[in-house]
Amino acid sequence: MGEVRGVVMAGGEGSRLRPLTSHRPKPLVPVLNRPIMGHVIDLLRQHGVTDITCTLHYLAEEIQARFGDGSEWGVRTRYCLEPTPLGTAGSVRQAADWLREGTFIIASGDALTDCDLTAALAFHREKGSLVTLVLKRVPDPLEFGIVITDDEGRIERFLEKPGWSEVFSDTVNTGIYIMEGEVLDRMEPDRPYDWSKDIFPQLLAEGAPMYGYIMDGYWTDVGTLQQYMEAQRDALAGALKVVHPGEEIRPGVWVGEGTVIDPQAVIEAPVVIGRNCRLKAGVTVGPYTCLGDNVLTEEGARIENSVVWDACYIGLDVEVTGAILAHRVTAKRGAVIGEEVVVGDRCLIDVGANLRPRVKLWPDKVVDRGSTVTMSIVQGNRWRGSLFRELGVAGLSNIEATPEFATRLGLAFGSTLREHARIAVSRDSSRSSRMLKRSLTGALLSSGCDVIDLHGEPLPVTRLFTAQTRIAGAVNVRKLPGNRRMSLFEFLEADGGYVARTQERKIEAAFYREEFRRIDPDELGVVDSASGARELYRREFMERVAPRGHNRRPKIVVDFGYSSVVSILPNLLAELGYEVISLNLQNEARLAPRSYEEIQDHLLRLGQIVGALDSDLGILLTHEGERIHLVDDYGLPITGNTLFAAMCLLVCRAEASPKIAMSVTAPARLESLLAAEGAEVTRTRATGRDLIDAAARSPLSFLGDESGGFIWPPFHPGFDGMFAAAQIVEMMLQADVRLSELIRSLPEFHLVYGQVQCPWDSKGTVMRKLAESSREGLSVELTDGIKIYDDVGWVLVLPDSFEPVVHVYAESPSIEESQARLDACRTRLESWIEA
């Protein structure tokens, strides 16, 4: 009887499955992490059909690339391409030379079934049929072609997609046909034909032997998003008998190779989890959930009744319920994705965003932080509106901040500079920073810049080197302070400060438009190592921190915080003659304290050691050597505005009439204290970036904030914990005062802080109403936000630039009164937001 061949019809666009099919043909949409067409080929192979012809039209190259010659699937495949649509029958007619001599089975590449094709083929041969239609009884036949047969199975009548008034049977055409090759002779080549509209009515009129085989088992046409979700659910439940990928580690739970599941993760069957996934502690997955390959889920995430495709990132405490997430979707901390939501390829759902039920996002969309989306988003830009944040460009390590991203960013930066501009590049010791720095360096070279490799030097060294050598600028790559999951690219000017906002906009424009300069291969940039950067820092450091008229050898305990300062600071402290007890003297970024809790834990242990060893003070360095935290000679932690006030007071005693800058959030009582000490005090905007900008562009003696960041502009215009550590020891020795005595001399600061959740579209209204309500009888300052003074205190309301939040600060003569002011202000803001 000869070999039975197969035909898979895979030319459909799948428009009703958009946005899933916006950039992929419908047969490649995955069910249980396998393309629908892959399940069809599996079924044919299981029933002995291994010579398969695929008819293609929409995104044909995608299907050819996925299935190749078929060897990976255990079959032989060939392809017939339709330059223009030829219909369901005309497309098969193109393969007549391969199909004419024998029997062939036609199956749809976008329908799922576990039909017994062997039994259907036996029925076909038993009846001597020219064409056999595989039929299925369904409860709702309106979307399908209805077929009626006689008692022998011979087809008597059929109707394509009837209305209810035309329904005469619940038996429908599944699109699976068994045919003899001679059927193809009824068609002319390169003309459009449809089986149901043209060929089958002709055969019926001729009285040709045409039969209907009513199948048992499962069949569905995956024509809509609802049918797609039902097919996934049926496959997970076992109603559809298809191959489940991976190993069944317990009943109803299949897990792919290389996947790591934390013991504290909860998996509720039925679930399929792909290869190389990571499920962290506290994650809940299932029931009726399928995760693709390379999916990363963070602590506290919950995914149920959902389909998540390959390479997605599900962040901390994200909730996904009854949704579909397509390829490489990123859902960041606290996002909520509701029932029947469909998210297209490469979309970014930012922190705290809420996608309401039935919303659809087309590919490459960005949902801003804290946004609530109630309507589908079809149009829009691929990239977020602002690439730069406070300190630079930040993204989730190896999720958003990838080698590809770093390459684009490096090309954009390099393209805004002159050819062979010299750029220093440095990093922290984390693996992600090493990876990103290499990609960034290659991109800078490609754009024609020369790179000075500072390797793993601390950021203060990079700033000083850039400022002293007057090169074109620098880029530092490190973990975002306070968040070990995020990577940060910091772009520096020739003076060591951050690049100006105008330059940031130029970089953003080049990045978004991909306006990248390409250099002749003979003119590519070169890489040099900056072997003298550390010595330059040491020389400048020692010139400014020479011992000042004392003979004491202070005893200090230094927690180096596993940061890169271990390569330089111990030698500097030894050269100054200090007796140093060193802690955590390894350069290991993954162990560095970043969160508030981690820093407090380090300070507790530091205080215990200082007290036990009767030391003068303890110093903890954080943020890759940018910031410090202290414990006094009694082992008590000195942080926040108390530490800032102590530093300011020592500066006043070491220098006549110093010019000191602080942010608008610093206590007014501190400003009064410093004025009495002879200091000239100026205010800046609230962020650390604003302090650095002021240091780079104003003649100041000292700047600082409540987070342990201190700047001496004559040295360089950036936070420098190494320099600050030596300065505080020298200034204490010069003033002949112990840190505990200095702290006791300070007034109490009754400054309190809170925040109000505020949607982006409410911020302008809230600030307008606050300004209007503050016009009469009150003093108002607009340096940053709205700061309202009365006779005894002040309240500052400051909208966050990157979060859906409004910050509120208040200061009064007592902590109780400050808290009352804060609470009253928050209540008023919340009433405006809710109005």
# chains A, B, ... in the order shown; residues from 1 in each chain; ligands from 1

$ select_by_dssp --residues "region 39-234 of chain A" --states "alpha helix (DSSP H)" --output "PyMOL selection string"
chain A and resi 39-46+60-67+87-93+96-99+117-127+200-206+225-234

$ residues_around --residues "Asp368 (chain A)" --least-positions-apart "3" --cutoff "10 Å" --atoms "only C-alpha atoms" --output "PyMOL selection string"
chain A and resi 348-354+365+371-373+384-385+760+802-804

$ write_last_selection --atoms "all heavy atoms" --output "CSV table (one decimal), in the first residue's frame"
chain,number,residue,atom,x,y,z
A,348,LEU,N,7.7,45.2,29.7
A,348,LEU,CA,8.3,45.5,31.1
A,348,LEU,C,7.1,46.0,31.9
A,348,LEU,O,6.5,47.0,31.7
A,348,LEU,CB,9.4,46.5,31.0
A,348,LEU,CG,9.8,47.1,32.4
A,348,LEU,CD1,10.4,46.0,33.3
A,348,LEU,CD2,10.9,48.2,32.2
A,349,ILE,N,6.8,45.3,33.0
A,349,ILE,CA,5.8,45.7,34.0
A,349,ILE,C,6.6,46.2,35.2
A,349,ILE,O,7.2,45.4,35.9
A,349,ILE,CB,4.9,44.5,34.4
A,349,ILE,CG1,4.5,43.7,33.1
A,349,ILE,CG2,3.7,45.0,35.2
A,349,ILE,CD1,3.7,44.5,32.1
A,350,ASP,N,6.7,47.5,35.4
A,350,ASP,CA,7.6,48.0,36.4
A,350,ASP,C,7.0,47.8,37.8
A,350,ASP,O,5.9,47.4,38.0
A,350,ASP,CB,7.9,49.5,36.1
A,350,ASP,CG,9.3,49.9,36.5
A,350,ASP,OD1,9.9,49.3,37.4
A,350,ASP,OD2,9.8,50.8,35.8
A,351,VAL,N,7.8,48.3,38.8
A,351,VAL,CA,7.5,48.0,40.2
A,351,VAL,C,6.1,48.5,40.6
A,351,VAL,O,5.7,49.7,40.3
A,351,VAL,CB,8.5,48.7,41.1
A,351,VAL,CG1,8.2,48.6,42.6
A,351,VAL,CG2,9.9,48.2,40.8
A,352,GLY,N,5.3,47.6,41.2
A,352,GLY,CA,4.0,48.0,41.8
A,352,GLY,C,2.9,48.2,40.7
A,352,GLY,O,1.8,48.7,41.1
A,353,ALA,N,3.2,48.0,39.5
A,353,ALA,CA,2.1,48.2,38.5
A,353,ALA,C,1.0,47.2,38.6
A,353,ALA,O,1.2,46.0,39.1
A,353,ALA,CB,2.7,48.1,37.1
A,354,ASN,N,-0.2,47.5,38.2
A,354,ASN,CA,-1.4,46.7,38.3
A,354,ASN,C,-2.0,46.6,37.0
A,354,ASN,O,-2.5,47.6,36.4
A,354,ASN,CB,-2.3,47.3,39.4
A,354,ASN,CG,-3.5,46.3,39.7
A,354,ASN,OD1,-3.8,45.4,38.9
A,354,ASN,ND2,-4.1,46.5,40.8
A,365,LYS,N,6.1,46.9,25.2
A,365,LYS,CA,5.4,48.0,25.9
A,365,LYS,C,6.1,48.1,27.3
A,365,LYS,O,6.5,47.1,27.9
A,365,LYS,CB,3.9,47.8,26.0
A,365,LYS,CG,3.2,47.8,24.7
A,365,LYS,CD,3.4,49.1,23.9
A,365,LYS,CE,2.9,49.0,22.5
A,365,LYS,NZ,3.6,48.2,21.6
A,371,SER,N,1.7,52.2,38.1
A,371,SER,CA,0.5,52.5,37.2
A,371,SER,C,-0.5,51.4,37.3
A,371,SER,O,-0.2,50.2,37.6
A,371,SER,CB,1.0,52.6,35.8
A,371,SER,OG,1.9,53.6,35.6
A,372,THR,N,-1.8,51.8,37.1
A,372,THR,CA,-2.9,50.9,37.0
A,372,THR,C,-3.4,50.9,35.6
A,372,THR,O,-3.8,52.0,35.1
A,372,THR,CB,-4.0,51.2,38.0
A,372,THR,OG1,-3.5,51.1,39.3
A,372,THR,CG2,-5.2,50.3,37.8
A,373,VAL,N,-3.3,49.8,34.9
A,373,VAL,CA,-3.7,49.7,33.5
A,373,VAL,C,-5.1,49.0,33.4
A,373,VAL,O,-5.3,47.9,33.8
A,373,VAL,CB,-2.7,48.9,32.7
A,373,VAL,CG1,-3.1,48.9,31.2
A,373,VAL,CG2,-1.3,49.6,32.8
A,384,ARG,N,11.4,52.7,27.8
A,384,ARG,CA,10.8,53.6,28.8
A,384,ARG,C,11.2,55.0,28.4
A,384,ARG,O,12.2,55.3,27.7
A,384,ARG,CB,11.3,53.3,30.2
A,384,ARG,CG,12.8,53.5,30.4
A,384,ARG,CD,13.1,53.4,31.9
A,384,ARG,NE,13.2,52.0,32.3
A,384,ARG,CZ,12.5,51.5,33.3
A,384,ARG,NH1,11.6,52.2,33.9
A,384,ARG,NH2,12.7,50.2,33.7
A,385,GLY,N,10.4,56.0,28.9
A,385,GLY,CA,10.6,57.4,28.4
A,385,GLY,C,11.9,57.9,28.9
A,385,GLY,O,12.5,58.7,28.2
A,760,TRP,N,1.0,58.5,39.5
A,760,TRP,CA,1.7,59.5,38.7
A,760,TRP,C,0.8,60.6,38.2
A,760,TRP,O,1.1,61.8,38.2
A,760,TRP,CB,2.3,58.8,37.5
A,760,TRP,CG,3.4,57.9,37.8
A,760,TRP,CD1,3.4,56.6,37.8
A,760,TRP,CD2,4.8,58.3,38.1
A,760,TRP,NE1,4.6,56.1,38.2
A,760,TRP,CE2,5.5,57.1,38.4
A,760,TRP,CE3,5.4,59.5,38.3
A,760,TRP,CZ2,6.8,57.1,38.7
A,760,TRP,CZ3,6.8,59.5,38.7
A,760,TRP,CH2,7.4,58.3,38.9
A,802,PHE,N,11.0,59.0,40.4
A,802,PHE,CA,11.0,57.7,39.8
A,802,PHE,C,10.0,56.7,40.4
A,802,PHE,O,9.8,55.6,39.8
A,802,PHE,CB,12.4,57.1,39.9
A,802,PHE,CG,13.5,58.0,39.4
A,802,PHE,CD1,14.3,58.7,40.2
A,802,PHE,CD2,13.6,58.2,38.0
A,802,PHE,CE1,15.3,59.5,39.7
A,802,PHE,CE2,14.6,59.0,37.5
A,802,PHE,CZ,15.4,59.7,38.3
A,803,GLU,N,9.3,57.0,41.5
A,803,GLU,CA,8.4,56.2,42.1
A,803,GLU,C,7.0,56.9,42.2
A,803,GLU,O,7.0,58.1,42.3
A,803,GLU,CB,8.8,55.8,43.5
A,803,GLU,CG,10.2,55.1,43.6
A,803,GLU,CD,10.1,53.6,43.2
A,803,GLU,OE1,9.0,53.1,43.0
A,803,GLU,OE2,11.2,53.0,43.1
A,804,PRO,N,5.9,56.2,42.3
A,804,PRO,CA,4.6,56.8,42.5
A,804,PRO,C,4.4,57.1,44.0
A,804,PRO,O,3.5,56.6,44.6
A,804,PRO,CB,3.6,55.7,42.0
A,804,PRO,CG,4.3,54.4,42.3
A,804,PRO,CD,5.8,54.7,42.0

$ select_by_dssp --residues "region 305-465 of chain A" --states "strand (DSSP E)" --output "number ranges by chain"
A: 307-308, 313-314, 319-321, 324-325, 330-331, 336-337, 342-343, 348-349, 354-355, 360-361, 366-367, 372-373, 393-396, 422-427, 450-455

$ residues_around --residues "Lys659 (chain A)" --least-positions-apart "5" --cutoff "7 Å" --atoms "only C-alpha atoms" --output "VMD selection string"
chain A and resid 679 to 681 700 to 702

$ residues_around --residues "Ala726 (chain A)" --least-positions-apart "5" --cutoff "10 Å" --atoms "only C-alpha atoms" --output "JSON, numbers by chain"
{"A": [541, 542, 544, 545, 546, 547, 569, 572, 573, 576, 578, 721, 731]}

$ closest_residue --among "A:Arg100, A:Arg738, A:Arg683, A:Arg463" --to "Tyr634 (chain A)" --atoms "only C-alpha atoms"
A:Arg738

$ closest_residue --among "A:Phe710, A:Gly90, A:Arg125, A:His39" --to "Ile199 (chain A)" --atoms "only C-alpha atoms"
A:Gly90

$ atom_distance --atom1 "CA of Val343 (chain A)" --atom2 "CA of Pro363 (chain A)"
7.4 Å

$ residues_around --residues "Gly704 (chain A)" --least-positions-apart "4" --cutoff "7 Å" --atoms "only C-alpha atoms" --output "VMD selection string"
chain A and resid 644 662 709 to 711

$ residues_around --residues "Val307 (chain A)" --least-positions-apart "6" --cutoff "6 Å" --atoms "only C-alpha atoms" --output "PyMOL selection string"
chain A and resi 289-290+324

$ write_last_selection --atoms "all heavy atoms" --output "PDB file, in the first residue's frame"
ATOM      1  N   THR A 289      -0.542  25.595  35.867  1.00  0.00           N
ATOM      2  CA  THR A 289       0.421  26.623  35.459  1.00  0.00           C
ATOM      3  C   THR A 289       1.540  25.971  34.670  1.00  0.00           C
ATOM      4  O   THR A 289       1.995  24.873  34.993  1.00  0.00           O
ATOM      5  CB  THR A 289       0.986  27.345  36.690  1.00  0.00           C
ATOM      6  OG1 THR A 289      -0.070  28.050  37.337  1.00  0.00           O
ATOM      7  CG2 THR A 289       2.072  28.332  36.303  1.00  0.00           C
ATOM      8  N   CYS A 290       1.992  26.678  33.651  1.00  0.00           N
ATOM      9  CA  CYS A 290       3.121  26.228  32.832  1.00  0.00           C
ATOM     10  C   CYS A 290       4.157  27.335  32.771  1.00  0.00           C
ATOM     11  O   CYS A 290       3.841  28.464  32.378  1.00  0.00           O
ATOM     12  CB  CYS A 290       2.646  25.875  31.424  1.00  0.00           C
ATOM     13  SG  CYS A 290       3.965  25.294  30.341  1.00  0.00           S
ATOM     14  N   ILE A 324      -1.466  35.238  30.636  1.00  0.00           N
ATOM     15  CA  ILE A 324      -0.473  34.719  29.694  1.00  0.00           C
ATOM     16  C   ILE A 324       0.633  35.755  29.572  1.00  0.00           C
ATOM     17  O   ILE A 324       0.378  36.913  29.252  1.00  0.00           O
ATOM     18  CB  ILE A 324      -1.084  34.474  28.308  1.00  0.00           C
ATOM     19  CG1 ILE A 324      -2.309  33.555  28.395  1.00  0.00           C
ATOM     20  CG2 ILE A 324      -0.041  33.884  27.360  1.00  0.00           C
ATOM     21  CD1 ILE A 324      -3.100  33.466  27.100  1.00  0.00           C
TER      22      ILE A 324
END

$ residues_around --residues "Asp42 (chain A)" --least-positions-apart "3" --cutoff "9 Å" --atoms "only C-alpha atoms" --output "PDB file with C-alpha atoms, in the first residue's frame"
ATOM      1  CA  MET A  37       2.932  22.276  15.387  1.00  0.00           C
ATOM      2  CA  GLY A  38       5.464  20.219  17.348  1.00  0.00           C
ATOM      3  CA  HIS A  39       2.594  18.323  18.996  1.00  0.00           C
ATOM      4  CA  ARG A  45       5.285  10.273  14.004  1.00  0.00           C
ATOM      5  CA  GLN A  46       3.596   8.165  16.706  1.00  0.00           C
ATOM      6  CA  HIS A  47       1.327   6.745  14.003  1.00  0.00           C
ATOM      7  CA  TRP A  73      11.689  15.714  15.693  1.00  0.00           C
ATOM      8  CA  GLY A  74      12.310  12.221  14.306  1.00  0.00           C
ATOM      9  CA  VAL A 242       0.501  14.904  24.614  1.00  0.00           C
ATOM     10  CA  VAL A 243       4.154  14.718  25.557  1.00  0.00           C
TER      11      VAL A 243
END

$ atom_distance --atom1 "CA of Glu515 (chain A)" --atom2 "CA of Ser426 (chain A)"
25.1 Å

$ atom_distance --atom1 "CA of Thr55 (chain A)" --atom2 "CA of Cys80 (chain A)"
4.8 Å

$ closest_residue --among "A:Val795, A:Ala239, A:Leu829, A:Ala686" --to "Val756 (chain A)" --atoms "only C-alpha atoms"
A:Leu829

$ closest_atom_pairs --of "region 669-747 of chain A" --to "region 549-562 of chain A" --cutoff "8 Å" --atoms "only C-alpha atoms" --output "CSV"
residue,atom,partner,partner_atom,distance
A:Val729,CA,A:Pro554,CA,7.8
A:Leu733,CA,A:His550,CA,6.8
A:Gln734,CA,A:His550,CA,6.7

$ write_last_selection --atoms "C-alpha atoms" --output "PDB file, in the first residue's frame"
ATOM      1  CA  VAL A 729      40.096  60.804  62.703  1.00  0.00           C
ATOM      2  CA  LEU A 733      42.714  64.477  67.011  1.00  0.00           C
ATOM      3  CA  GLN A 734      43.230  68.119  66.031  1.00  0.00           C
TER       4      GLN A 734
END

$ closest_residue --among "A:Ala675, A:Ala696, A:Leu488, A:Val806" --to "Gly764 (chain A)" --atoms "only C-alpha atoms"
A:Val806

$ decode --residues "region 733-751 of chain A" --atoms "N, CA, C and O atoms" --output "PDB file, in the first residue's frame"
ATOM      1  N   LEU A 733      41.426  64.340  66.328  1.00  0.00           N
ATOM      2  CA  LEU A 733      42.714  64.477  67.011  1.00  0.00           C
ATOM      3  C   LEU A 733      43.124  65.946  67.104  1.00  0.00           C
ATOM      4  O   LEU A 733      43.628  66.408  68.143  1.00  0.00           O
ATOM      5  N   GLN A 734      42.885  66.699  66.033  1.00  0.00           N
ATOM      6  CA  GLN A 734      43.230  68.119  66.031  1.00  0.00           C
ATOM      7  C   GLN A 734      42.398  68.888  67.063  1.00  0.00           C
ATOM      8  O   GLN A 734      42.899  69.772  67.759  1.00  0.00           O
ATOM      9  N   ALA A 735      41.101  68.517  67.163  1.00  0.00           N
ATOM     10  CA  ALA A 735      40.229  69.193  68.133  1.00  0.00           C
ATOM     11  C   ALA A 735      40.366  68.607  69.529  1.00  0.00           C
ATOM     12  O   ALA A 735      39.773  69.143  70.478  1.00  0.00           O
ATOM     13  N   ASP A 736      41.126  67.508  69.641  1.00  0.00           N
ATOM     14  CA  ASP A 736      41.319  66.832  70.929  1.00  0.00           C
ATOM     15  C   ASP A 736      39.971  66.504  71.575  1.00  0.00           C
ATOM     16  O   ASP A 736      39.679  66.872  72.722  1.00  0.00           O
ATOM     17  N   VAL A 737      39.135  65.810  70.831  1.00  0.00           N
ATOM     18  CA  VAL A 737      37.820  65.445  71.333  1.00  0.00           C
ATOM     19  C   VAL A 737      37.530  64.005  70.935  1.00  0.00           C
ATOM     20  O   VAL A 737      37.923  63.556  69.847  1.00  0.00           O
ATOM     21  N   ARG A 738      36.874  63.298  71.829  1.00  0.00           N
ATOM     22  CA  ARG A 738      36.440  61.949  71.506  1.00  0.00           C
ATOM     23  C   ARG A 738      35.073  62.020  70.825  1.00  0.00           C
ATOM     24  O   ARG A 738      34.300  62.966  71.035  1.00  0.00           O
ATOM     25  N   LEU A 739      34.774  61.015  70.017  1.00  0.00           N
ATOM     26  CA  LEU A 739      33.533  61.054  69.262  1.00  0.00           C
ATOM     27  C   LEU A 739      32.319  61.096  70.188  1.00  0.00           C
ATOM     28  O   LEU A 739      31.352  61.821  69.935  1.00  0.00           O
ATOM     29  N   SER A 740      32.343  60.348  71.277  1.00  0.00           N
ATOM     30  CA  SER A 740      31.210  60.357  72.206  1.00  0.00           C
ATOM     31  C   SER A 740      30.998  61.745  72.810  1.00  0.00           C
ATOM     32  O   SER A 740      29.854  62.179  72.999  1.00  0.00           O
ATOM     33  N   GLU A 741      32.090  62.472  73.112  1.00  0.00           N
ATOM     34  CA  GLU A 741      31.962  63.830  73.649  1.00  0.00           C
ATOM     35  C   GLU A 741      31.357  64.762  72.601  1.00  0.00           C
ATOM     36  O   GLU A 741      30.512  65.611  72.913  1.00  0.00           O
ATOM     37  N   LEU A 742      31.802  64.623  71.381  1.00  0.00           N
ATOM     38  CA  LEU A 742      31.280  65.465  70.313  1.00  0.00           C
ATOM     39  C   LEU A 742      29.780  65.242  70.124  1.00  0.00           C
ATOM     40  O   LEU A 742      29.005  66.195  69.979  1.00  0.00           O
ATOM     41  N   ILE A 743      29.353  63.996  70.185  1.00  0.00           N
ATOM     42  CA  ILE A 743      27.943  63.681  69.996  1.00  0.00           C
ATOM     43  C   ILE A 743      27.114  64.264  71.142  1.00  0.00           C
ATOM     44  O   ILE A 743      26.018  64.803  70.915  1.00  0.00           O
ATOM     45  N   ARG A 744      27.641  64.210  72.362  1.00  0.00           N
ATOM     46  CA  ARG A 744      26.893  64.756  73.500  1.00  0.00           C
ATOM     47  C   ARG A 744      26.730  66.267  73.400  1.00  0.00           C
ATOM     48  O   ARG A 744      25.788  66.833  73.961  1.00  0.00           O
ATOM     49  N   SER A 745      27.617  66.930  72.685  1.00  0.00           N
ATOM     50  CA  SER A 745      27.522  68.384  72.552  1.00  0.00           C
ATOM     51  C   SER A 745      26.494  68.825  71.512  1.00  0.00           C
ATOM     52  O   SER A 745      26.169  70.011  71.421  1.00  0.00           O
ATOM     53  N   LEU A 746      25.977  67.892  70.748  1.00  0.00           N
ATOM     54  CA  LEU A 746      25.035  68.234  69.686  1.00  0.00           C
ATOM     55  C   LEU A 746      23.617  68.349  70.224  1.00  0.00           C
ATOM     56  O   LEU A 746      23.231  67.638  71.156  1.00  0.00           O
ATOM     57  N   PRO A 747      22.813  69.213  69.627  1.00  0.00           N
ATOM     58  CA  PRO A 747      21.393  69.256  70.001  1.00  0.00           C
ATOM     59  C   PRO A 747      20.660  68.044  69.430  1.00  0.00           C
ATOM     60  O   PRO A 747      21.162  67.355  68.544  1.00  0.00           O
ATOM     61  N   GLU A 748      19.475  67.795  69.953  1.00  0.00           N
ATOM     62  CA  GLU A 748      18.640  66.742  69.391  1.00  0.00           C
ATOM     63  C   GLU A 748      17.943  67.274  68.135  1.00  0.00           C
ATOM     64  O   GLU A 748      17.546  68.433  68.081  1.00  0.00           O
ATOM     65  N   PHE A 749      17.807  66.404  67.151  1.00  0.00           N
ATOM     66  CA  PHE A 749      17.126  66.782  65.914  1.00  0.00           C
ATOM     67  C   PHE A 749      15.789  66.052  65.857  1.00  0.00           C
ATOM     68  O   PHE A 749      15.743  64.814  65.856  1.00  0.00           O
ATOM     69  N   HIS A 750      14.732  66.813  65.830  1.00  0.00           N
ATOM     70  CA  HIS A 750      13.383  66.239  65.855  1.00  0.00           C
ATOM     71  C   HIS A 750      12.796  66.245  64.444  1.00  0.00           C
ATOM     72  O   HIS A 750      11.753  66.843  64.185  1.00  0.00           O
ATOM     73  N   LEU A 751      13.517  65.596  63.556  1.00  0.00           N
ATOM     74  CA  LEU A 751      13.107  65.510  62.154  1.00  0.00           C
ATOM     75  C   LEU A 751      12.470  64.145  61.917  1.00  0.00           C
ATOM     76  O   LEU A 751      13.025  63.112  62.300  1.00  0.00           O
TER      77      LEU A 751
END
